[in-house]
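One structure below.
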Amino acid sequence: NLLDGTSPNLAPFLFPHPRRFLDITSQIIPKIRPGMSSASAVSQSGGEGQRRASSLTDCEGLLREGSSSWPSRAFFILQDIRNTVGNIPMEWYQDYPHVGYDLDGKKIFKPIRNKDELDEFLDKMDNPDYWRTVRDKMTGADVRLSDEQVDLVHRLQRGQFGDINFKEYEPYIDFFSSETMIHPVTNRPQDKRSFIPSLIEKQKVGKLVHAIKMGWIKPRKPRDTTPQYYDLWAQEDPNAILGRHKMHVPAPKMRLPGHEESYNPPPEYLLSEEEKLAWEQQDPEDRKLSFLPQRFSCLRAVPAFSRFIHERFERCLDLYLCPRQRKMRVNVNPEDLIPKMPKPKDLQPFPTTQSLVYRGHTSLVRSISVSPTGQWLVSGSDDGTVRFWEIGTGRCMKTVDVGGAVKSVAWNPNPSICLVAVAFNESVVLLNPALGDRLVVSATDQLVSSYEEPEEAREQPVQWAAPAGKEHDAGHRLHLAHPKAVRQVTWHSKGDYLACVTPDGGSHQQVLIHQVSKRRTQNPFRRSKGLVQCVSFHPTRPFFFVATQRHVRVYNLIKQELSKKLQANCKWISSMAVHPGGDNVICGSYDCRLTWFDLDLATKPYKVLRHHKKALRGVAYHKHYPLFASGSDDGSVIVCHGMVYNDLLQNPLIVPVKVLKGHAITHDLGVLDVTFHPSQPWVFSSGADGTVRLFT
Amino acid sequence: MGGLQKKKYESGSATNYITRNKARKKLQLSLADFRRLCILKGIYPHEPKHKKKVNKGSTAPRTFYLLKDIRFLMHEPIVGKFREYKIFVRKLRKAYGKAEWTSVGRLKENKPSYKLDHVIKERYPSFVDALRDLDDALSMCFLFSTFARTGKCHVQTIQLCRRLTVEWMNYIVTSRSLRKVFLSIKGIYYQAEVLGQTVTWLVPYQFAHDHPTDVDYRVMATFTEMYTTLFGFVNFRLYQTLNLVYPPKLDCRSEVDLKGEFEEDYAMDSESYLEKLSALSASLARVLNTAEEEEAQIDQFPVEGVDLEQMEAREREQKDQDAHKRLFEDLKFFLNREVPRESLAFVLRCFGAQVSWDKSHCIGSTYDVTDETITHHIVDRPSVDKQYINRYYVQPQWVYDSINCKMLLPVEDYFLGVNLPPHLSPFVEEKDGDYVPPEKLKLMALQRGEKPVAEQEEEEEEEEEEEEDDEEEEEEMDEEEMKEEESLKTIEKQRAQNKVSSVKVTPGKMKTENKVRMEQEEKAEEKRLAIMMMKKKEKYLYDKIMFGKKRTVREANKLAAKRKAHDEASKGEKRKKKTKQ
């Protein structure tokens, strides 16, 4: 096709087919203002040739070109008359034989077209004007384009203006330029009012002049910016003070400078090199001094302080940004804080000095016990021996090798029986040391040997055996073989019953009570209530104390029930002692605490003493004197005065009276056991350094 | 029971406080204006006891103001002025933008301004309150008066600050109320007692400031605005109490005296008066032109409950104070040009001296160097070309030290080129246990009237000390020898023992029991045991107090040790010098 080539300029108005060309023109026509003939409209639009921006004008140019020849113009007019369908898609009439209606309401028929493809072809071959024939959609008639029209189409295709006469590149004439011209653009004469004075202004000026003459208007006074001061506090009216002023907290004054701020301070206030370095490395907020002390030989040499404005500014910030508060300063004399205690001097007697050291053991001495007569001391050590000492002289009277690390020793508290219970490994041995009164010794032997087998042997958790021969000669009287390792043995005050602790978490056989005279063993607890640490008999009444990790349970042995459960407020109880009166208990714990329970008072501790620096290992009461002692891993024994009054209303008085030191710390262990002399105010302590010490 | 369920944070402390941002919104002010308002009205934030409660459960860091304070601010007329000013600025900007210069001029003429008189009266209901809070005002005004007249703030402010500070200095001079001066590395501290209130202020040394960039000068300017108002009113009132004319005027006599030749060259007419005032060399005019008023003898009223000793002590104190005020009376000073003229003139005039300086140095000099009656010439250079016989040439520190010591110190230590003794702070009041520098002890001895120890004696003492040291050393030597001998003896004995037998009875030693020491030990142990029985809370407090005490002791010991080391080092140097000679 001829018209197929397109130019980008006319993209929106592309004609896909030459026959469509007139469709476009017919669509454009109605856009021309109504009431104006198309010719005039075209001519007008032709005048706007200078502005070529819109492609619509291009089309208008095209139209004008089209209308330059009369026949097409008549056709346009004709079509105007005939075209009653309006601007509608012509497809709507596709299936009808007519296109719209004329003024009389009659159908306007399309020209009869009965050409088939062959006719079309023949036409194409025969008709030399076939290429310039287009079909008018509005009427359905074939129109032959004139030479001008074809030319126009060609030019448009090339992207040229429709009008041949139009010059695209005419020089532009700028009439209203920035340059001032000598001649006026218009030749209009000037108004008269432009060169005679304004009457209104004259009136106004006259009024102002009159007002000034009359003194109504005065020149503005220059403002006085200097502040005026007067006696502001001429009348100090106390009633005028705001209530809120009472709550006002005045800002604290600046700190007054010390010697170090002087330009010529004494030499001791100057910082040494290290101090200077430390000062420079510190954070400015952490510095104690905000400046470096400096020394200048004369006033002349003093420079300006570089942070002066900074410091003033910081003060300003403090003044308006810092919350203010009245803080009550605690002004306490520290001496007043120390509680008033009775003087230790008044609480005598108590042990004050180390007087004897019993040496002989080669390993840590776990346990010690004193005979009820107060003449002998027994000590059991990890080296597998039990040693008997004479207290007064410090002599080792006897050494019994039991063949295992001795965990606990206990001398029978009954003075008429001479027996020592020794716990090692899984057995407990009752020894007769054969010391002291011979009668007592022989009586004890007799007592042990006088046992008669009962007729019906009962199942016992422990096996009793009476050794003979060598062992008997060494003093062994009875062997009690336990199923598990024994940790502690303790006697009842009557001396017949013996309680053993075999600590084992799950087992119900943690505590066993043996009766020596009948060689009987009982297991008092059916179930275990935790890991048992130590046990103790009540000195006078049928009570039994069992210390587990955190609690101390008090059982009534006759009623066979739990009568009390004491909460120790500590992590792990290590040792326990019962007051000879029976109403007070002390517990030492591995977390450095000693707790004193008053059984009449509460199940909570009456007092918790944190005197030791390290774990407590042993505690003990004195039988007669109001004393108790505690030994700890820090190598010290602290003796306290613990007075218990018969009056129930008066609480016990507890005063520490002496810190005894002597044991050397070995393997982080210090004192392992403490015990008092039965009659004297003396305290024995055994330590990890393999010694037993007596403090008197 | 019954009633509505209480909602959280609708009563109690949550409603008593307001955050800064909310307060700002409530007052409809920008942050800068809010800040200004807070500064002017003296409103500061509050720290609530339970911050989380007040913060409605949040723990975000916020500043809280009391709601009452903010309500109080709402009634402030200045707030309205702030808004007007905002509008003014907007209009002005618009006028500038349109280049309407007439309206710019008109707007500028009608610039809204406010006065702070009522704020001052409200914040300081009584004059004494104002005096009490004058420290910061003085320091700030003195700082601003030293600023250069370009850049950081309005020239008017600087001029006003200068004027007010000059007025203040003149008042202090006339009332003779200066008490202490201290030359620090930051500046010069002055302390005056004005109507029974001690006022301390700090004046920077006269140098151009190196203006820091991280300082908000707007805040400082706002403070200065408030302080200048306060300061002006205080000055007015103070001048009134002394029957002086306010604004200050020079005495007629002195005015005539001061008519110098260079006056025109020195300053403009508008400024020369202030300069003359700031020279501080002339007295001020009084309202009633009486001669120096006699200070009325204060009658003594015996007050019950105050015993005679106290009365006497008070009397003595009064006398001392009077003497202190007249410290430099009848003395004539001449300031060399390298000394800080203003500070020295101010200080000297405060204690009744006559001061002058070179004519070309500053306006207001009253006599010349050649004056024969000059008693002291203050110089701060190693030597002077032409010396007059009948006057002392001293360094400026002498003046300050004498004032702090309340007596004329011997001038020998302060002669030209002499190594100055340390300048001590007069503000330090040592409690027992604190470290007292030996210079202070010396000064105190001087004050008590003990004779100053002459240098020769000192040297002798030193020698004596050295001798003593030697003796001590000898003793030590003796002891050491003794010990050695003993050890030798024991070794010998042992050897002898080894030779003879290992078992031997050694003679027992007498244990001498020091009773006093035993007692002390016993007491110490008692205390230790009692401390063990302390309750946890008290123990904590006790430990804290003891820690503080120990720290002070430690610090004092450290200073003392340092001093000792220094003295020894200097002594060693001296000796070296001697040996070289």
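FYI, nothing fancy with the structure tokens labels: chains A, B, ... in order, residues from 1 per chain, ligands from 1 as they appear.
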- [ ] For segment 337-353 of chain A, list every protein, DNA or RNA residue within 9 Å, evaluated using only C-alpha atoms, and leave out those in the same chain fewer than 2 positions away; present the list as number ranges by chain.
- [x] A: 332-335, 355, 625, 627, 639-641, 655-661, 681-683, 694-696; B: 526-527, 529-531, 533-535, 538-539, 541-542
Those selected residues, please, written with N, CA, C and O atoms and delivered as a short mmCIF file (atom, residue, chain, number, x, y, z; two decimals), in the first residue's frame.
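Here's the written file result-v2.cif:
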```
data_model
loop_
_atom_site.label_atom_id
_atom_site.label_comp_id
_atom_site.auth_asym_id
_atom_site.auth_seq_id
_atom_site.Cartn_x
_atom_site.Cartn_y
_atom_site.Cartn_z
N VAL A 332 25.78 10.15 111.68
CA VAL A 332 25.83 9.22 112.80
C VAL A 332 27.26 9.10 113.26
O VAL A 332 28.19 9.04 112.46
N ASN A 333 27.39 9.08 114.55
CA ASN A 333 28.69 8.75 115.10
C ASN A 333 28.85 7.24 114.97
O ASN A 333 28.02 6.49 115.48
N PRO A 334 29.86 6.79 114.26
CA PRO A 334 29.95 5.34 114.05
C PRO A 334 30.05 4.56 115.36
O PRO A 334 29.66 3.40 115.42
N GLU A 335 30.54 5.22 116.40
CA GLU A 335 30.65 4.52 117.69
C GLU A 335 29.27 4.18 118.24
O GLU A 335 29.09 3.20 118.94
N SER A 355 46.76 -23.26 125.64
CA SER A 355 47.73 -23.69 126.65
C SER A 355 48.39 -25.01 126.32
O SER A 355 49.50 -25.26 126.75
N TYR A 625 28.86 -24.15 132.17
CA TYR A 625 29.01 -22.71 131.95
C TYR A 625 28.16 -22.27 130.76
O TYR A 625 27.93 -23.06 129.83
N LEU A 627 28.44 -21.21 127.91
CA LEU A 627 29.39 -20.99 126.82
C LEU A 627 29.04 -21.89 125.65
O LEU A 627 28.54 -23.00 125.85
N VAL A 639 34.45 -18.37 120.75
CA VAL A 639 33.74 -18.74 121.97
C VAL A 639 32.73 -17.63 122.26
O VAL A 639 33.09 -16.45 122.28
N CYS A 640 31.49 -18.02 122.45
CA CYS A 640 30.46 -17.03 122.75
C CYS A 640 29.86 -17.34 124.10
O CYS A 640 29.79 -18.49 124.54
N HIS A 641 29.44 -16.28 124.72
CA HIS A 641 28.71 -16.42 125.96
C HIS A 641 27.24 -16.54 125.58
O HIS A 641 26.68 -15.65 124.96
N VAL A 655 26.70 -13.26 123.47
CA VAL A 655 27.78 -12.29 123.31
C VAL A 655 29.03 -13.05 122.89
O VAL A 655 29.45 -13.97 123.58
N PRO A 656 29.63 -12.68 121.78
CA PRO A 656 30.91 -13.31 121.46
C PRO A 656 31.97 -12.80 122.42
O PRO A 656 32.05 -11.59 122.67
N VAL A 657 32.74 -13.68 123.00
CA VAL A 657 33.70 -13.23 124.00
C VAL A 657 35.15 -13.43 123.58
O VAL A 657 36.02 -12.72 124.04
N LYS A 658 35.39 -14.39 122.70
CA LYS A 658 36.80 -14.61 122.37
C LYS A 658 36.93 -15.27 121.00
O LYS A 658 36.16 -16.17 120.67
N VAL A 659 37.89 -14.78 120.27
CA VAL A 659 38.26 -15.45 119.02
C VAL A 659 39.59 -16.13 119.27
O VAL A 659 40.57 -15.48 119.60
N LEU A 660 39.59 -17.46 119.20
CA LEU A 660 40.82 -18.22 119.48
C LEU A 660 41.40 -18.68 118.17
O LEU A 660 40.71 -19.27 117.33
N LYS A 661 42.68 -18.41 118.02
CA LYS A 661 43.33 -18.84 116.78
C LYS A 661 44.55 -19.67 117.14
O LYS A 661 45.20 -19.41 118.13
N PRO A 681 36.07 -24.48 132.22
CA PRO A 681 35.74 -23.66 131.05
C PRO A 681 36.84 -23.73 130.00
O PRO A 681 37.43 -22.72 129.64
N TRP A 682 37.13 -24.92 129.60
CA TRP A 682 38.18 -25.12 128.63
C TRP A 682 37.55 -25.64 127.34
O TRP A 682 36.57 -26.38 127.36
N VAL A 683 38.18 -25.30 126.25
CA VAL A 683 37.65 -25.79 124.98
C VAL A 683 38.77 -26.50 124.22
O VAL A 683 39.92 -26.06 124.23
N LEU A 694 44.20 -27.22 123.24
CA LEU A 694 43.38 -26.91 124.42
C LEU A 694 43.51 -25.42 124.70
O LEU A 694 44.61 -24.88 124.80
N PHE A 695 42.38 -24.79 124.80
CA PHE A 695 42.36 -23.36 125.14
C PHE A 695 41.78 -23.21 126.53
O PHE A 695 40.73 -23.77 126.83
N THR A 696 42.50 -22.53 127.42
CA THR A 696 41.99 -22.35 128.78
C THR A 696 41.89 -20.88 129.11
O THR A 696 42.51 -20.06 128.46
N GLU B 526 37.42 -5.95 122.35
CA GLU B 526 36.02 -5.77 122.73
C GLU B 526 35.24 -5.17 121.58
O GLU B 526 34.14 -5.62 121.22
N LYS B 527 35.83 -4.16 120.98
CA LYS B 527 35.17 -3.46 119.89
C LYS B 527 34.96 -4.41 118.71
O LYS B 527 33.90 -4.47 118.11
N LEU B 529 34.67 -7.57 118.79
CA LEU B 529 33.62 -8.54 119.11
C LEU B 529 32.24 -7.89 119.00
O LEU B 529 31.30 -8.49 118.51
N ALA B 530 32.18 -6.62 119.46
CA ALA B 530 30.88 -5.94 119.41
C ALA B 530 30.47 -5.70 117.96
O ALA B 530 29.30 -5.82 117.61
N ILE B 531 31.46 -5.38 117.13
CA ILE B 531 31.16 -5.17 115.71
C ILE B 531 30.62 -6.45 115.08
O ILE B 531 29.74 -6.41 114.23
N MET B 533 28.70 -8.45 116.43
CA MET B 533 27.30 -8.64 116.81
C MET B 533 26.37 -7.59 116.18
O MET B 533 25.20 -7.54 116.50
N MET B 534 26.91 -6.74 115.32
CA MET B 534 26.06 -5.68 114.72
C MET B 534 25.06 -6.27 113.77
O MET B 534 25.30 -7.29 113.14
N LYS B 535 23.95 -5.53 113.65
CA LYS B 535 22.96 -5.97 112.66
C LYS B 535 23.48 -5.65 111.27
O LYS B 535 24.28 -4.75 111.09
N GLU B 538 23.09 -1.96 110.08
CA GLU B 538 23.98 -1.04 110.78
C GLU B 538 25.42 -1.31 110.40
O GLU B 538 26.23 -0.39 110.30
N LYS B 539 25.71 -2.58 110.20
CA LYS B 539 27.07 -2.95 109.83
C LYS B 539 27.44 -2.28 108.50
O LYS B 539 28.53 -1.73 108.34
N LEU B 541 26.19 0.44 107.19
CA LEU B 541 26.38 1.88 107.41
C LEU B 541 27.72 2.15 108.08
O LEU B 541 28.48 3.04 107.68
N TYR B 542 28.00 1.33 109.08
CA TYR B 542 29.25 1.50 109.83
C TYR B 542 30.45 1.33 108.92
O TYR B 542 31.38 2.14 108.92
#
```
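The interatomic distance for the pair atom CA of Leu439 of chain A and atom CA of Ser408 of chain A works out to 26.8 Å.
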What lies within 9 Å of Arg307 of chain A using only C-alpha atoms, ignoring chain neighbours under 5 positions off, as a compact mmCIF listing (two decimals) with N, CA, C and O atoms, in the first residue's frame?
```
# COMPACT_ATOMS: atom_id res chain seq x y z
N PHE A 291 40.56 19.72 86.78
CA PHE A 291 41.70 20.40 86.14
C PHE A 291 42.98 19.75 86.64
O PHE A 291 42.96 19.00 87.62
N ARG A 312 31.29 27.44 83.34
CA ARG A 312 30.13 28.30 83.62
C ARG A 312 28.89 27.73 82.96
O ARG A 312 27.81 27.73 83.52
N LYS B 186 42.15 29.08 87.49
CA LYS B 186 40.97 29.36 86.68
C LYS B 186 40.73 30.86 86.56
O LYS B 186 40.22 31.35 85.56
N ASP B 210 38.78 31.82 74.16
CA ASP B 210 38.75 30.90 73.05
C ASP B 210 37.37 30.26 73.09
O ASP B 210 37.12 29.35 73.86
N PRO B 212 34.39 28.10 72.91
CA PRO B 212 34.16 26.70 72.55
C PRO B 212 32.93 26.58 71.66
O PRO B 212 32.03 27.42 71.70
```
- [ ] Identify every residue of chain A that has at least one atom within 7 Å of any atom of chain B, counting only C-alpha atoms, and report the result as a ChimeraX atom specification.
- [x] /A:229-233,236,241,256-259,261-268,300,302,304-305,308,310,313,316,320-324,334,337-339,341,611,656-657
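When DSSP reads the backbone of this structure, the residues of segment 186-252 of chain B it assigns to strand (DSSP E) are Gly187, Ile188, Tyr189, Tyr190, Gln191, Ala192, Glu193, Val194, Gln197, Thr198, Val199, Thr200, Trp201, Leu202, Val203 and Pro204 of chain B.
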Residue selection dump (N, CA and C atoms) as a PDB file, in the first residue's frame:
```
ATOM      1  N   GLY B 187      41.047  31.554  87.604  1.00  0.00           N
ATOM      2  CA  GLY B 187      40.770  32.972  87.644  1.00  0.00           C
ATOM      3  C   GLY B 187      40.987  33.449  89.057  1.00  0.00           C
ATOM      4  N   ILE B 188      40.412  34.575  89.401  1.00  0.00           N
ATOM      5  CA  ILE B 188      40.599  35.087  90.751  1.00  0.00           C
ATOM      6  C   ILE B 188      39.284  34.974  91.499  1.00  0.00           C
ATOM      7  N   TYR B 189      39.328  34.290  92.614  1.00  0.00           N
ATOM      8  CA  TYR B 189      38.142  34.178  93.455  1.00  0.00           C
ATOM      9  C   TYR B 189      38.139  35.329  94.446  1.00  0.00           C
ATOM     10  N   TYR B 190      36.993  35.965  94.601  1.00  0.00           N
ATOM     11  CA  TYR B 190      36.845  36.990  95.631  1.00  0.00           C
ATOM     12  C   TYR B 190      35.731  36.545  96.552  1.00  0.00           C
ATOM     13  N   GLN B 191      35.892  36.839  97.805  1.00  0.00           N
ATOM     14  CA  GLN B 191      34.785  36.591  98.727  1.00  0.00           C
ATOM     15  C   GLN B 191      34.542  37.842  99.543  1.00  0.00           C
ATOM     16  N   ALA B 192      33.302  38.291  99.541  1.00  0.00           N
ATOM     17  CA  ALA B 192      32.945  39.492 100.284  1.00  0.00           C
ATOM     18  C   ALA B 192      31.818  39.165 101.236  1.00  0.00           C
ATOM     19  N   GLU B 193      31.716  39.963 102.258  1.00  0.00           N
ATOM     20  CA  GLU B 193      30.618  39.784 103.184  1.00  0.00           C
ATOM     21  C   GLU B 193      29.715  40.986 103.049  1.00  0.00           C
ATOM     22  N   VAL B 194      28.595  40.786 102.374  1.00  0.00           N
ATOM     23  CA  VAL B 194      27.680  41.892 102.102  1.00  0.00           C
ATOM     24  C   VAL B 194      26.447  41.722 102.965  1.00  0.00           C
ATOM     25  N   GLN B 197      25.932  38.408 104.422  1.00  0.00           N
ATOM     26  CA  GLN B 197      25.946  37.244 103.538  1.00  0.00           C
ATOM     27  C   GLN B 197      27.303  37.154 102.857  1.00  0.00           C
ATOM     28  N   THR B 198      27.850  35.955 102.843  1.00  0.00           N
ATOM     29  CA  THR B 198      29.116  35.813 102.110  1.00  0.00           C
ATOM     30  C   THR B 198      28.791  35.578 100.646  1.00  0.00           C
ATOM     31  N   VAL B 199      29.428  36.383  99.823  1.00  0.00           N
ATOM     32  CA  VAL B 199      29.228  36.273  98.385  1.00  0.00           C
ATOM     33  C   VAL B 199      30.590  35.974  97.764  1.00  0.00           C
ATOM     34  N   THR B 200      30.633  34.915  96.978  1.00  0.00           N
ATOM     35  CA  THR B 200      31.891  34.526  96.338  1.00  0.00           C
ATOM     36  C   THR B 200      31.717  34.622  94.831  1.00  0.00           C
ATOM     37  N   TRP B 201      32.718  35.167  94.173  1.00  0.00           N
ATOM     38  CA  TRP B 201      32.623  35.182  92.713  1.00  0.00           C
ATOM     39  C   TRP B 201      33.985  34.953  92.100  1.00  0.00           C
ATOM     40  N   LEU B 202      33.949  34.560  90.868  1.00  0.00           N
ATOM     41  CA  LEU B 202      35.163  34.188  90.156  1.00  0.00           C
ATOM     42  C   LEU B 202      35.303  35.097  88.946  1.00  0.00           C
ATOM     43  N   VAL B 203      36.468  35.713  88.810  1.00  0.00           N
ATOM     44  CA  VAL B 203      36.726  36.591  87.680  1.00  0.00           C
ATOM     45  C   VAL B 203      37.824  35.963  86.835  1.00  0.00           C
ATOM     46  N   PRO B 204      37.575  35.767  85.549  1.00  0.00           N
ATOM     47  CA  PRO B 204      38.630  35.173  84.720  1.00  0.00           C
ATOM     48  C   PRO B 204      39.780  36.144  84.540  1.00  0.00           C
TER      49      PRO B 204
END
```
- [ ] Extract the full set of helix (DSSP H, G or I) residues from segment 335-498 of chain A according to DSSP on the backbone, and format it as a PyMOL selection string.
- [x] chain A and resi 335-337+344-347+438-449+470-474
Only N, CA, C and O atoms, please: the residues just picked out, written as an mmCIF file, in the first residue's frame.
```cif
data_model
loop_
_atom_site.group_PDB
_atom_site.id
_atom_site.type_symbol
_atom_site.label_atom_id
_atom_site.label_comp_id
_atom_site.auth_asym_id
_atom_site.auth_seq_id
_atom_site.Cartn_x
_atom_site.Cartn_y
_atom_site.Cartn_z
ATOM 1 N N GLU A 335 30.537 5.221 116.400
ATOM 2 C CA GLU A 335 30.652 4.519 117.686
ATOM 3 C C GLU A 335 29.269 4.184 118.239
ATOM 4 O O GLU A 335 29.091 3.201 118.944
ATOM 5 N N ASP A 336 28.292 5.054 117.878
ATOM 6 C CA ASP A 336 26.940 4.813 118.392
ATOM 7 C C ASP A 336 26.297 3.600 117.751
ATOM 8 O O ASP A 336 25.354 3.013 118.285
ATOM 9 N N LEU A 337 26.792 3.254 116.582
ATOM 10 C CA LEU A 337 26.185 2.127 115.870
ATOM 11 C C LEU A 337 26.582 0.798 116.492
ATOM 12 O O LEU A 337 25.877 -0.181 116.384
ATOM 13 N N PRO A 344 33.324 -8.527 127.911
ATOM 14 C CA PRO A 344 33.733 -9.935 128.043
ATOM 15 C C PRO A 344 34.354 -10.210 129.403
ATOM 16 O O PRO A 344 34.226 -11.316 129.929
ATOM 17 N N LYS A 345 34.986 -9.189 129.956
ATOM 18 C CA LYS A 345 35.614 -9.368 131.264
ATOM 19 C C LYS A 345 34.589 -9.792 132.310
ATOM 20 O O LYS A 345 34.857 -10.608 133.184
ATOM 21 N N ASP A 346 33.404 -9.203 132.219
ATOM 22 C CA ASP A 346 32.374 -9.501 133.202
ATOM 23 C C ASP A 346 31.756 -10.871 132.986
ATOM 24 O O ASP A 346 31.010 -11.353 133.832
ATOM 25 N N LEU A 347 31.997 -11.448 131.822
ATOM 26 C CA LEU A 347 31.365 -12.720 131.498
ATOM 27 C C LEU A 347 32.310 -13.887 131.728
ATOM 28 O O LEU A 347 32.060 -14.994 131.305
ATOM 29 N N ARG A 438 40.276 -48.399 137.950
ATOM 30 C CA ARG A 438 40.288 -49.795 137.530
ATOM 31 C C ARG A 438 38.965 -50.467 137.769
ATOM 32 O O ARG A 438 38.524 -51.324 137.020
ATOM 33 N N LEU A 439 38.346 -50.084 138.838
ATOM 34 C CA LEU A 439 37.054 -50.682 139.170
ATOM 35 C C LEU A 439 36.068 -50.434 138.057
ATOM 36 O O LEU A 439 35.331 -51.317 137.617
ATOM 37 N N VAL A 440 36.079 -49.191 137.594
ATOM 38 C CA VAL A 440 35.148 -48.825 136.528
ATOM 39 C C VAL A 440 35.462 -49.623 135.274
ATOM 40 O O VAL A 440 34.584 -50.157 134.609
ATOM 41 N N VAL A 441 36.740 -49.742 134.993
ATOM 42 C CA VAL A 441 37.157 -50.473 133.795
ATOM 43 C C VAL A 441 36.688 -51.916 133.871
ATOM 44 O O VAL A 441 36.084 -52.438 132.941
ATOM 45 N N SER A 442 36.952 -52.526 134.991
ATOM 46 C CA SER A 442 36.570 -53.944 135.110
ATOM 47 C C SER A 442 35.061 -54.093 135.122
ATOM 48 O O SER A 442 34.504 -55.033 134.532
ATOM 49 N N ALA A 443 34.394 -53.130 135.749
ATOM 50 C CA ALA A 443 32.927 -53.179 135.789
ATOM 51 C C ALA A 443 32.377 -53.099 134.368
ATOM 52 O O ALA A 443 31.422 -53.794 134.003
ATOM 53 N N THR A 444 32.993 -52.272 133.575
ATOM 54 C CA THR A 444 32.542 -52.129 132.195
ATOM 55 C C THR A 444 32.738 -53.425 131.431
ATOM 56 O O THR A 444 31.839 -53.877 130.712
ATOM 57 N N ASP A 445 33.910 -54.010 131.616
ATOM 58 C CA ASP A 445 34.177 -55.272 130.933
ATOM 59 C C ASP A 445 33.157 -56.327 131.323
ATOM 60 O O ASP A 445 32.650 -57.061 130.477
ATOM 61 N N GLN A 446 32.870 -56.330 132.592
ATOM 62 C CA GLN A 446 31.891 -57.282 133.090
ATOM 63 C C GLN A 446 30.527 -57.027 132.456
ATOM 64 O O GLN A 446 29.833 -57.944 132.024
ATOM 65 N N LEU A 447 30.186 -55.759 132.396
ATOM 66 C CA LEU A 447 28.886 -55.388 131.850
ATOM 67 C C LEU A 447 28.743 -55.868 130.412
ATOM 68 O O LEU A 447 27.707 -56.400 130.011
ATOM 69 N N VAL A 448 29.816 -55.688 129.690
ATOM 70 C CA VAL A 448 29.765 -56.088 128.282
ATOM 71 C C VAL A 448 29.701 -57.601 128.162
ATOM 72 O O VAL A 448 28.946 -58.144 127.365
ATOM 73 N N SER A 449 30.493 -58.259 128.974
ATOM 74 C CA SER A 449 30.567 -59.720 128.826
ATOM 75 C C SER A 449 29.360 -60.418 129.453
ATOM 76 O O SER A 449 29.091 -61.575 129.148
ATOM 77 N N LYS A 470 43.507 -60.834 120.156
ATOM 78 C CA LYS A 470 44.344 -59.655 120.011
ATOM 79 C C LYS A 470 43.522 -58.377 120.106
ATOM 80 O O LYS A 470 43.869 -57.429 120.781
ATOM 81 N N GLU A 471 42.450 -58.416 119.418
ATOM 82 C CA GLU A 471 41.610 -57.229 119.399
ATOM 83 C C GLU A 471 41.079 -56.928 120.782
ATOM 84 O O GLU A 471 41.009 -55.788 121.208
ATOM 85 N N HIS A 472 40.717 -57.963 121.483
ATOM 86 C CA HIS A 472 40.221 -57.773 122.851
ATOM 87 C C HIS A 472 41.307 -57.156 123.707
ATOM 88 O O HIS A 472 41.038 -56.264 124.516
ATOM 89 N N ASP A 473 42.500 -57.634 123.486
ATOM 90 C CA ASP A 473 43.606 -57.064 124.265
ATOM 91 C C ASP A 473 43.819 -55.589 123.927
ATOM 92 O O ASP A 473 44.182 -54.784 124.773
ATOM 93 N N ALA A 474 43.596 -55.238 122.652
ATOM 94 C CA ALA A 474 43.771 -53.843 122.254
ATOM 95 C C ALA A 474 42.652 -52.961 122.798
ATOM 96 O O ALA A 474 42.760 -51.732 122.776
#
```
